[in-house]
Every structure is written in structure tokens, then in C-alpha cells.
Amino acid sequence: MIRQEIRDTLHLAIPVVLTQLGHIAMGIVDTIMVGRLGPDPLSAVALGNALSFTILIVCIGTLTALDPLVAQAHGAGRLTDCGRAMHHAAFLALVLAVPTTAILAAAGPILRLLGQTPSLVDTTTHFVHAIAFGVVPFLLFTVLRQFMQGISRARPALVVMIAANLLNVFGNWVLVYGNLGAPAMGAVGSAWSTTISRIAMFLMLAGYVFTRPHLRPYLTHLPPWPPDRRLLRRLVRLGLPAGSQFGLEVGVFACVSVLMGWFGTLELAGHQIALNLCSTTFMVPLGFSATAAVRVGQALGRNDVLAARRAAFAAYVLGVGFMGLAALSFFTVPEFFVGIYTDDADLQRMGVSLLLIGAAFQLSDGIQVIAIGALRGAADTRFPMLVAGAAYWLIALPLGYLLAFPLGWGPRGLWCGLTIGLTLVGVTLALRFHRRVRVERLHSLQAA
């Protein structure tokens, strides 16, 4: 049974994982191409991505409420309910885009308030303003992708992501360096390239979803106007804690980026390289987390609690196993990975020193994100939010600050604090899912 579950998980997870890697690949391309220009432009990319992604991840996390709704409706055979949930999530995405764009438009004052240098603030502000133009298409693409994952059709989003990444590479080559007669825009050019690619992603996936005959049974009812308030409330009730949990985790990394800026551009650029590498490996268990949410949700939609447990176990085996290999790679040859981004000797030393600590939290990072996905499939999103808030902001960040500044550990102290926070979250949420499945099993037996 477990072998079959692992095969089924891989069948859904591989395109999901590759799609997640496609998301981070855009950031990798931006970092590598801008990194060739020196530490200062790379610092602007680091700070701009930290600010914009912290805001966007709250919206993305909120929209993951679509996972359990679509997966459970699909498992129960209610196809039109899948489409209704998707339509309402698209409406919610448009609502979320308004405050998100407003916050990104105020990037300059926010960065000055955070004590960043004037030259860094200027470049980063233009970077974030370019990213803001892609907020709406990116969130709508997220809705369509979550819908397709929920009905176990993840490959179209993967094809779209591959095409978007090729477009982003070309866009960076043109806009960052000023090829084909375009102005050399440096870091800001990479932001415009990402925005153009996100617009293309949405248009391509929307064209697929709304023109394929085999998807028409899901989309037979147009979205009602006004929207169903009960369904919207359910999306918000499930999604807002998930979005907050995502924001708390990414926010603490963004806060660390700000604190790194207090040390200088060299430390911030080294942090960006190490974080980019750790974010890349994180995309693999994140893909298995999304798969766990879908398969756990579908199993619970069929009232099959044992299948839900098997789905989570398979995701753990595959996702955490990969992170073990990633940890070993980072620990043994960190110079190779950092050397992909820069030839600067001082920057390489800083990146390697942080990547060695990043190797230590790979397993914890894999465990916590898969537990979050499994719990989301069971419609349990509030508890992970509370755990993340306590572990990251009450323990990890204050401890990291204490180690980095008063105790003099420097940038490594901040990363040690992150490692402790991720470990606490991973252990706590894994135990939570184990207990949740036991309760669901008892309820199932009592009903039988």
C-alpha cells in the first residue's frame, strides 16, 4: 500500500515540484545575472525580493485555501463545486491585489524607515515598483494552478512555467545588460523581466483552462454575482491563517535580510546567495507539501482516514529524504554552489559561511513545510499560524539578534536563530498532524 501511495504521490508531485522550482528559477536567474554586476545591485535584488515576496506570500498562502476545498469536492465527485471554489478564489485574489499593490507602491518610505542606505533605497524602490505591475496576473495564475492541482492535473502549469522561465532568461539578457538596443537597466531590468513573465504565465494557463473540453464539467456555472458570501467566508477562514503563517515565516527571513543590511552590502549579498540556494532546495518539499494537501484532502473527502495518513507519510519520505541529500551536498561542497553566483572571493567566503548553517536546517525545513501541507488538506490552518508566530518571532528572531549583535557572532548568529525556529516548527507540526489523524480515525470508527 505504501509503495503504491509513493508512486501515486510521485505522479502528482513531480510536475508540482518542477513548477515550484520554476518559480524559484526566476529568482535564481535574476540573482545570477545581476550578481555579475557586483554586490551593490545584488543587494538591491535581495532587499527588493525580500520586501515584495513577503507581501505576496501572504496572498499566495491565503489562496491555498483553494486546495482543501477543490480536493475534497473532487474526492466526493462534486465537480461543479470545484469550479465555483476557483471562481470565488479569483475574486478573492483581485481583492487581495489592492492592498498588496498599495504597500509595494510605498516601498521607498518603508525602506527608509528600516534604516537602509539612500543609494540602496533608490534602486530597490524602482525594483519593487516594477514587480508591483505583475501582482494581479501572478495571483490569478496562482488560483488557476491551485485549481488544477486540486483536480490532480498539474502538468499544464509546469509547461507554462517552463515557457515563462525561458522568457525570463531572454528578458534578463535584454533588460539587465542592454542587449538588442534596449537600455541597460541593471537590477530594475530583472524586475521588469519577471513581471512580463508573470503576465505571460497567467495568459497561457487561463487560455488552457477555459478552452479545454475535458475541463468544462468543472466550469459549467459562471461565477455568481454577487459572490456567495458563505463560500468567500470559508475561503478567508481557511486561507487567512495559512497566508499569515506563510507571511510569518517569509517575514522573518525578510527581517533577517534587513538586519543583514546593517552589517553592509557584502553581508547582505552573501545572505542573498545562501538564501537563494536554500530556497531552491525548499521548493522540492514545498511541492510535496502541496501534493500532501491535495491527496490528504481527497482522502478525507472520501472519508478514508488511513489513506490520508499514507499520503502524508509518502510526502514525508520523499520530501525529507531529498532535503537530507541537499544538506549533505551543502555541507561537503559549499564552494561549488556559491561559485555559481559570483567570482568575488570575499563574497564567496561570506556565502559559504552562511550556507554551512543552511545545511543544518534543511531537514527541519522539509519536515515543517510538509506538515503544513498535510494539515491544510485536513482544513487545519489556524494552529500552524500560531506555532509559526511563536517560534519565528518570539524565539528565532530575538535569539538570532542576540547572537549576531550583543554576542558578536555576526551574520552567522542570525542564521543560527533561523535554524532553531525551523526545528521547533517542524517537530511541533508533525506531532499535530499525527494527533489530528488519530482523532479523525476515532471519529470514523465511531461513525461506522
# chains A, B, ... in the order shown; residues from 1 in each chain; ligands from 1

call {"tool": "residues_around", "arguments": {"residues": "Val236 (chain A)", "least_positions_apart": "4", "cutoff": "8 Å", "atoms": "only C-alpha atoms", "output": "ChimeraX atom specification"}}
result
/A:62,65,232,240

call {"tool": "write_last_selection", "arguments": {"atoms": "N, CA and C atoms", "output": "mmCIF file, in the first residue's frame"}}
result
data_model
loop_
_atom_site.group_PDB
_atom_site.id
_atom_site.type_symbol
_atom_site.label_atom_id
_atom_site.label_comp_id
_atom_site.auth_asym_id
_atom_site.auth_seq_id
_atom_site.Cartn_x
_atom_site.Cartn_y
_atom_site.Cartn_z
ATOM 1 N N THR A 62 -2.964 32.653 1.457
ATOM 2 C CA THR A 62 -4.421 32.770 1.610
ATOM 3 C C THR A 62 -5.145 32.013 0.507
ATOM 4 N N ALA A 65 -6.134 28.150 0.416
ATOM 5 C CA ALA A 65 -7.403 27.620 0.927
ATOM 6 C C ALA A 65 -8.164 26.888 -0.159
ATOM 7 N N LEU A 232 -17.072 32.599 0.236
ATOM 8 C CA LEU A 232 -15.976 33.546 0.418
ATOM 9 C C LEU A 232 -15.482 33.534 1.861
ATOM 10 N N LEU A 240 -6.779 32.765 5.409
ATOM 11 C CA LEU A 240 -6.081 33.835 6.114
ATOM 12 C C LEU A 240 -5.069 33.310 7.128
#

call {"tool": "select_by_dssp", "arguments": {"residues": "region 162-352 of chain A", "states": "alpha helix (DSSP H)", "output": "ChimeraX atom specification"}}
result
/A:162-175,187-209,229-263,265-301,305-332,334-339,345-352

call {"tool": "atom_distance", "arguments": {"atom1": "CA of Gln272 (chain A)", "atom2": "CA of Ala46 (chain A)"}}
result
5.6 Å

call {"tool": "residues_around", "arguments": {"residues": "Thr423 (chain A)", "least_positions_apart": "2", "cutoff": "10 Å", "atoms": "only C-alpha atoms", "output": "PyMOL selection string"}}
result
chain A and resi 360-368+391+396+418-421+425-428

call {"tool": "write_last_selection", "arguments": {"atoms": "N, CA and C atoms", "output": "PDB file, in the first residue's frame"}}
result
ATOM      1  N   ALA A 360      22.388  22.823   7.922  1.00  0.00           N
ATOM      2  CA  ALA A 360      21.896  22.257   9.180  1.00  0.00           C
ATOM      3  C   ALA A 360      20.381  22.294   9.285  1.00  0.00           C
ATOM      4  N   PHE A 361      19.715  23.285   8.642  1.00  0.00           N
ATOM      5  CA  PHE A 361      18.255  23.349   8.815  1.00  0.00           C
ATOM      6  C   PHE A 361      17.473  22.782   7.633  1.00  0.00           C
ATOM      7  N   GLN A 362      18.137  22.086   6.722  1.00  0.00           N
ATOM      8  CA  GLN A 362      17.422  21.508   5.582  1.00  0.00           C
ATOM      9  C   GLN A 362      16.345  20.511   6.019  1.00  0.00           C
ATOM     10  N   LEU A 363      16.700  19.586   6.912  1.00  0.00           N
ATOM     11  CA  LEU A 363      15.728  18.578   7.353  1.00  0.00           C
ATOM     12  C   LEU A 363      14.549  19.235   8.074  1.00  0.00           C
ATOM     13  N   SER A 364      14.845  20.187   8.971  1.00  0.00           N
ATOM     14  CA  SER A 364      13.773  20.864   9.711  1.00  0.00           C
ATOM     15  C   SER A 364      12.842  21.595   8.758  1.00  0.00           C
ATOM     16  N   ASP A 365      13.419  22.232   7.748  1.00  0.00           N
ATOM     17  CA  ASP A 365      12.612  22.975   6.778  1.00  0.00           C
ATOM     18  C   ASP A 365      11.691  22.033   6.003  1.00  0.00           C
ATOM     19  N   GLY A 366      12.211  20.865   5.626  1.00  0.00           N
ATOM     20  CA  GLY A 366      11.379  19.893   4.919  1.00  0.00           C
ATOM     21  C   GLY A 366      10.248  19.357   5.776  1.00  0.00           C
ATOM     22  N   ILE A 367      10.553  19.039   7.025  1.00  0.00           N
ATOM     23  CA  ILE A 367       9.533  18.487   7.924  1.00  0.00           C
ATOM     24  C   ILE A 367       8.404  19.485   8.156  1.00  0.00           C
ATOM     25  N   GLN A 368       8.770  20.755   8.413  1.00  0.00           N
ATOM     26  CA  GLN A 368       7.717  21.718   8.762  1.00  0.00           C
ATOM     27  C   GLN A 368       6.816  22.036   7.573  1.00  0.00           C
ATOM     28  N   ALA A 391       7.283  30.579  17.264  1.00  0.00           N
ATOM     29  CA  ALA A 391       8.631  30.048  17.052  1.00  0.00           C
ATOM     30  C   ALA A 391       9.531  31.044  16.327  1.00  0.00           C
ATOM     31  N   ALA A 396      13.057  32.609  17.486  1.00  0.00           N
ATOM     32  CA  ALA A 396      14.140  32.588  16.496  1.00  0.00           C
ATOM     33  C   ALA A 396      14.746  33.968  16.256  1.00  0.00           C
ATOM     34  N   LEU A 418      17.490  31.304  12.950  1.00  0.00           N
ATOM     35  CA  LEU A 418      16.531  30.737  11.997  1.00  0.00           C
ATOM     36  C   LEU A 418      16.491  29.210  12.100  1.00  0.00           C
ATOM     37  N   THR A 419      17.648  28.597  12.264  1.00  0.00           N
ATOM     38  CA  THR A 419      17.714  27.131  12.360  1.00  0.00           C
ATOM     39  C   THR A 419      16.913  26.625  13.552  1.00  0.00           C
ATOM     40  N   ILE A 420      17.042  27.286  14.677  1.00  0.00           N
ATOM     41  CA  ILE A 420      16.309  26.874  15.879  1.00  0.00           C
ATOM     42  C   ILE A 420      14.806  27.035  15.670  1.00  0.00           C
ATOM     43  N   GLY A 421      14.380  28.138  15.053  1.00  0.00           N
ATOM     44  CA  GLY A 421      12.953  28.353  14.820  1.00  0.00           C
ATOM     45  C   GLY A 421      12.351  27.315  13.892  1.00  0.00           C
ATOM     46  N   VAL A 425       9.272  24.507  14.775  1.00  0.00           N
ATOM     47  CA  VAL A 425       8.035  24.426  13.989  1.00  0.00           C
ATOM     48  C   VAL A 425       7.868  23.033  13.390  1.00  0.00           C
ATOM     49  N   GLY A 426       8.943  22.474  12.850  1.00  0.00           N
ATOM     50  CA  GLY A 426       8.860  21.160  12.216  1.00  0.00           C
ATOM     51  C   GLY A 426       8.406  20.083  13.178  1.00  0.00           C
ATOM     52  N   VAL A 427       9.003  20.021  14.353  1.00  0.00           N
ATOM     53  CA  VAL A 427       8.653  18.988  15.334  1.00  0.00           C
ATOM     54  C   VAL A 427       7.223  19.169  15.821  1.00  0.00           C
ATOM     55  N   THR A 428       6.838  20.402  16.113  1.00  0.00           N
ATOM     56  CA  THR A 428       5.506  20.663  16.663  1.00  0.00           C
ATOM     57  C   THR A 428       4.397  20.313  15.670  1.00  0.00           C
TER      58      THR A 428
END

call {"tool": "closest_residue", "arguments": {"among": "A:Arg382, A:Arg349, A:Arg234, A:Arg295", "to": "Arg432 (chain A)", "atoms": "only C-alpha atoms"}}
result
A:Arg382

call {"tool": "closest_residue", "arguments": {"among": "A:Leu355, A:Val188, A:Ala293, A:Val169", "to": "Ala326 (chain A)", "atoms": "only C-alpha atoms"}}
result
A:Leu355

call {"tool": "closest_residue", "arguments": {"among": "A:Pro226, A:Asn168, A:Ala85, A:Pro39", "to": "Met350 (chain A)", "atoms": "only C-alpha atoms"}}
result
A:Pro39

call {"tool": "residues_around", "arguments": {"residues": "Ala200 (chain A)", "least_positions_apart": "4", "cutoff": "8 Å", "atoms": "only C-alpha atoms", "output": "list in words"}}
result
Ala164, Ile196 and Met204 of chain A

call {"tool": "closest_residue", "arguments": {"among": "A:Met323, A:Leu422, A:Met86, A:Ala73", "to": "Phe288 (chain A)", "atoms": "only C-alpha atoms"}}
result
A:Met323

call {"tool": "residues_around", "arguments": {"residues": "His126 (chain A)", "least_positions_apart": "2", "cutoff": "12 Å", "atoms": "only C-alpha atoms", "output": "PyMOL selection string"}}
result
chain A and resi 41+44-45+47-49+52+104-108+111+119-124+128-133+185-192

call {"tool": "write_last_selection", "arguments": {"atoms": "C-alpha atoms", "output": "short mmCIF file (atom, residue, chain, number, x, y, z; two decimals), in the first residue's frame"}}
result
data_model
loop_
_atom_site.label_atom_id
_atom_site.label_comp_id
_atom_site.auth_asym_id
_atom_site.auth_seq_id
_atom_site.Cartn_x
_atom_site.Cartn_y
_atom_site.Cartn_z
CA PRO A 41 23.00 45.69 -7.49
CA ALA A 44 19.07 45.74 -4.25
CA VAL A 45 17.66 42.49 -5.70
CA LEU A 47 16.13 43.62 -0.49
CA GLY A 48 13.52 44.09 -3.23
CA ASN A 49 12.70 40.38 -3.34
CA SER A 52 7.86 42.08 -2.35
CA LEU A 104 4.60 47.86 -2.81
CA ALA A 105 4.00 51.38 -4.14
CA ALA A 106 5.14 52.71 -0.75
CA ALA A 107 8.43 50.79 -0.89
CA GLY A 108 10.63 53.91 -0.67
CA LEU A 111 12.90 51.06 3.24
CA SER A 119 21.59 54.54 -2.77
CA LEU A 120 20.20 51.10 -1.93
CA VAL A 121 16.74 52.56 -1.26
CA ASP A 122 16.63 54.25 -4.66
CA THR A 123 17.46 51.14 -6.73
CA THR A 124 15.33 48.84 -4.58
CA VAL A 128 9.73 46.86 -6.26
CA HIS A 129 7.62 49.26 -8.34
CA ALA A 130 8.32 47.12 -11.42
CA ILE A 131 7.33 43.97 -9.53
CA ALA A 132 4.04 45.62 -8.48
CA PHE A 133 2.76 45.62 -12.07
CA MET A 185 18.63 48.72 -16.59
CA GLY A 186 20.62 46.51 -14.22
CA ALA A 187 18.68 45.24 -11.19
CA VAL A 188 15.49 47.05 -12.25
CA GLY A 189 15.62 45.30 -15.62
CA SER A 190 15.44 41.92 -13.89
CA ALA A 191 12.27 43.04 -12.09
CA TRP A 192 10.61 44.08 -15.37
#

call {"tool": "decode", "arguments": {"residues": "region 70-164 of chain A", "atoms": "C-alpha atoms", "output": "JSON list (two decimals), in the first residue's frame"}}
result
[["chain", "number", "residue", "atom", "x", "y", "z"],
["A", 70, "VAL", "CA", -11.21, 21.68, -4.52],
["A", 71, "ALA", "CA", -9.54, 18.43, -3.39],
["A", 72, "GLN", "CA", -12.35, 17.42, -1.04],
["A", 73, "ALA", "CA", -15.05, 18.34, -3.59],
["A", 74, "HIS", "CA", -13.16, 16.40, -6.28],
["A", 75, "GLY", "CA", -12.77, 13.39, -3.97],
["A", 76, "ALA", "CA", -16.52, 13.45, -3.32],
["A", 77, "GLY", "CA", -17.32, 13.77, -7.05],
["A", 78, "ARG", "CA", -18.78, 17.30, -6.84],
["A", 79, "LEU", "CA", -17.14, 18.71, -9.97],
["A", 80, "THR", "CA", -19.10, 21.97, -10.25],
["A", 81, "ASP", "CA", -18.17, 22.82, -6.64],
["A", 82, "CYS", "CA", -14.52, 22.73, -7.75],
["A", 83, "GLY", "CA", -15.21, 25.37, -10.39],
["A", 84, "ARG", "CA", -17.27, 27.52, -8.00],
["A", 85, "ALA", "CA", -14.44, 27.50, -5.48],
["A", 86, "MET", "CA", -11.97, 28.50, -8.19],
["A", 87, "HIS", "CA", -14.16, 31.41, -9.36],
["A", 88, "HIS", "CA", -14.54, 32.72, -5.82],
["A", 89, "ALA", "CA", -10.80, 32.38, -5.19],
["A", 90, "ALA", "CA", -10.17, 34.52, -8.30],
["A", 91, "PHE", "CA", -12.47, 37.18, -6.86],
["A", 92, "LEU", "CA", -10.57, 36.98, -3.56],
["A", 93, "ALA", "CA", -7.26, 37.32, -5.46],
["A", 94, "LEU", "CA", -8.43, 40.60, -7.01],
["A", 95, "VAL", "CA", -9.42, 41.90, -3.58],
["A", 96, "LEU", "CA", -6.03, 40.93, -2.12],
["A", 97, "ALA", "CA", -4.19, 42.62, -5.00],
["A", 98, "VAL", "CA", -5.41, 46.08, -3.94],
["A", 99, "PRO", "CA", -3.61, 46.40, -0.56],
["A", 100, "THR", "CA", -0.64, 44.41, -1.90],
["A", 101, "THR", "CA", -0.05, 46.86, -4.75],
["A", 102, "ALA", "CA", -0.52, 49.82, -2.40],
["A", 103, "ILE", "CA", 2.13, 48.51, 0.01],
["A", 104, "LEU", "CA", 4.60, 47.86, -2.81],
["A", 105, "ALA", "CA", 4.00, 51.38, -4.14],
["A", 106, "ALA", "CA", 5.14, 52.71, -0.75],
["A", 107, "ALA", "CA", 8.43, 50.79, -0.89],
["A", 108, "GLY", "CA", 10.63, 53.91, -0.67],
["A", 109, "PRO", "CA", 9.31, 55.23, 2.67],
["A", 110, "ILE", "CA", 9.24, 51.70, 4.10],
["A", 111, "LEU", "CA", 12.90, 51.06, 3.24],
["A", 112, "ARG", "CA", 14.00, 54.46, 4.61],
["A", 113, "LEU", "CA", 12.11, 53.69, 7.80],
["A", 114, "LEU", "CA", 14.06, 50.42, 8.04],
["A", 115, "GLY", "CA", 17.36, 52.31, 8.02],
["A", 116, "GLN", "CA", 18.69, 51.31, 4.58],
["A", 117, "THR", "CA", 21.28, 53.45, 2.76],
["A", 118, "PRO", "CA", 19.93, 56.08, 0.31],
["A", 119, "SER", "CA", 21.59, 54.54, -2.77],
["A", 120, "LEU", "CA", 20.20, 51.10, -1.93],
["A", 121, "VAL", "CA", 16.74, 52.56, -1.26],
["A", 122, "ASP", "CA", 16.63, 54.25, -4.66],
["A", 123, "THR", "CA", 17.46, 51.14, -6.73],
["A", 124, "THR", "CA", 15.33, 48.84, -4.58],
["A", 125, "THR", "CA", 12.30, 51.15, -4.81],
["A", 126, "HIS", "CA", 12.39, 51.09, -8.62],
["A", 127, "PHE", "CA", 12.82, 47.29, -8.48],
["A", 128, "VAL", "CA", 9.73, 46.86, -6.26],
["A", 129, "HIS", "CA", 7.62, 49.26, -8.34],
["A", 130, "ALA", "CA", 8.32, 47.12, -11.42],
["A", 131, "ILE", "CA", 7.33, 43.97, -9.53],
["A", 132, "ALA", "CA", 4.04, 45.62, -8.48],
["A", 133, "PHE", "CA", 2.76, 45.62, -12.07],
["A", 134, "GLY", "CA", 2.76, 41.80, -12.04],
["A", 135, "VAL", "CA", 0.78, 41.32, -8.82],
["A", 136, "VAL", "CA", -2.68, 40.77, -10.35],
["A", 137, "PRO", "CA", -1.63, 38.27, -13.07],
["A", 138, "PHE", "CA", 0.60, 36.42, -10.62],
["A", 139, "LEU", "CA", -2.21, 35.94, -8.09],
["A", 140, "LEU", "CA", -4.69, 34.88, -10.78],
["A", 141, "PHE", "CA", -2.14, 32.39, -12.10],
["A", 142, "THR", "CA", -1.83, 31.04, -8.54],
["A", 143, "VAL", "CA", -5.61, 30.48, -8.39],
["A", 144, "LEU", "CA", -5.63, 28.56, -11.68],
["A", 145, "ARG", "CA", -2.61, 26.50, -10.63],
["A", 146, "GLN", "CA", -4.18, 25.58, -7.26],
["A", 147, "PHE", "CA", -7.40, 24.58, -9.04],
["A", 148, "MET", "CA", -5.53, 22.32, -11.46],
["A", 149, "GLN", "CA", -3.55, 20.73, -8.63],
["A", 150, "GLY", "CA", -6.74, 20.11, -6.66],
["A", 151, "ILE", "CA", -8.17, 18.02, -9.53],
["A", 152, "SER", "CA", -4.81, 16.21, -9.96],
["A", 153, "ARG", "CA", -3.90, 17.88, -13.27],
["A", 154, "ALA", "CA", -0.60, 19.63, -12.54],
["A", 155, "ARG", "CA", 1.25, 19.24, -15.86],
["A", 156, "PRO", "CA", -0.23, 22.22, -17.76],
["A", 157, "ALA", "CA", 1.09, 24.61, -15.09],
["A", 158, "LEU", "CA", 4.52, 23.00, -15.46],
["A", 159, "VAL", "CA", 4.57, 23.56, -19.23],
["A", 160, "VAL", "CA", 3.55, 27.18, -18.69],
["A", 161, "MET", "CA", 6.25, 27.64, -16.07],
["A", 162, "ILE", "CA", 8.96, 26.27, -18.38],
["A", 163, "ALA", "CA", 7.90, 28.71, -21.12],
["A", 164, "ALA", "CA", 7.83, 31.60, -18.63]]
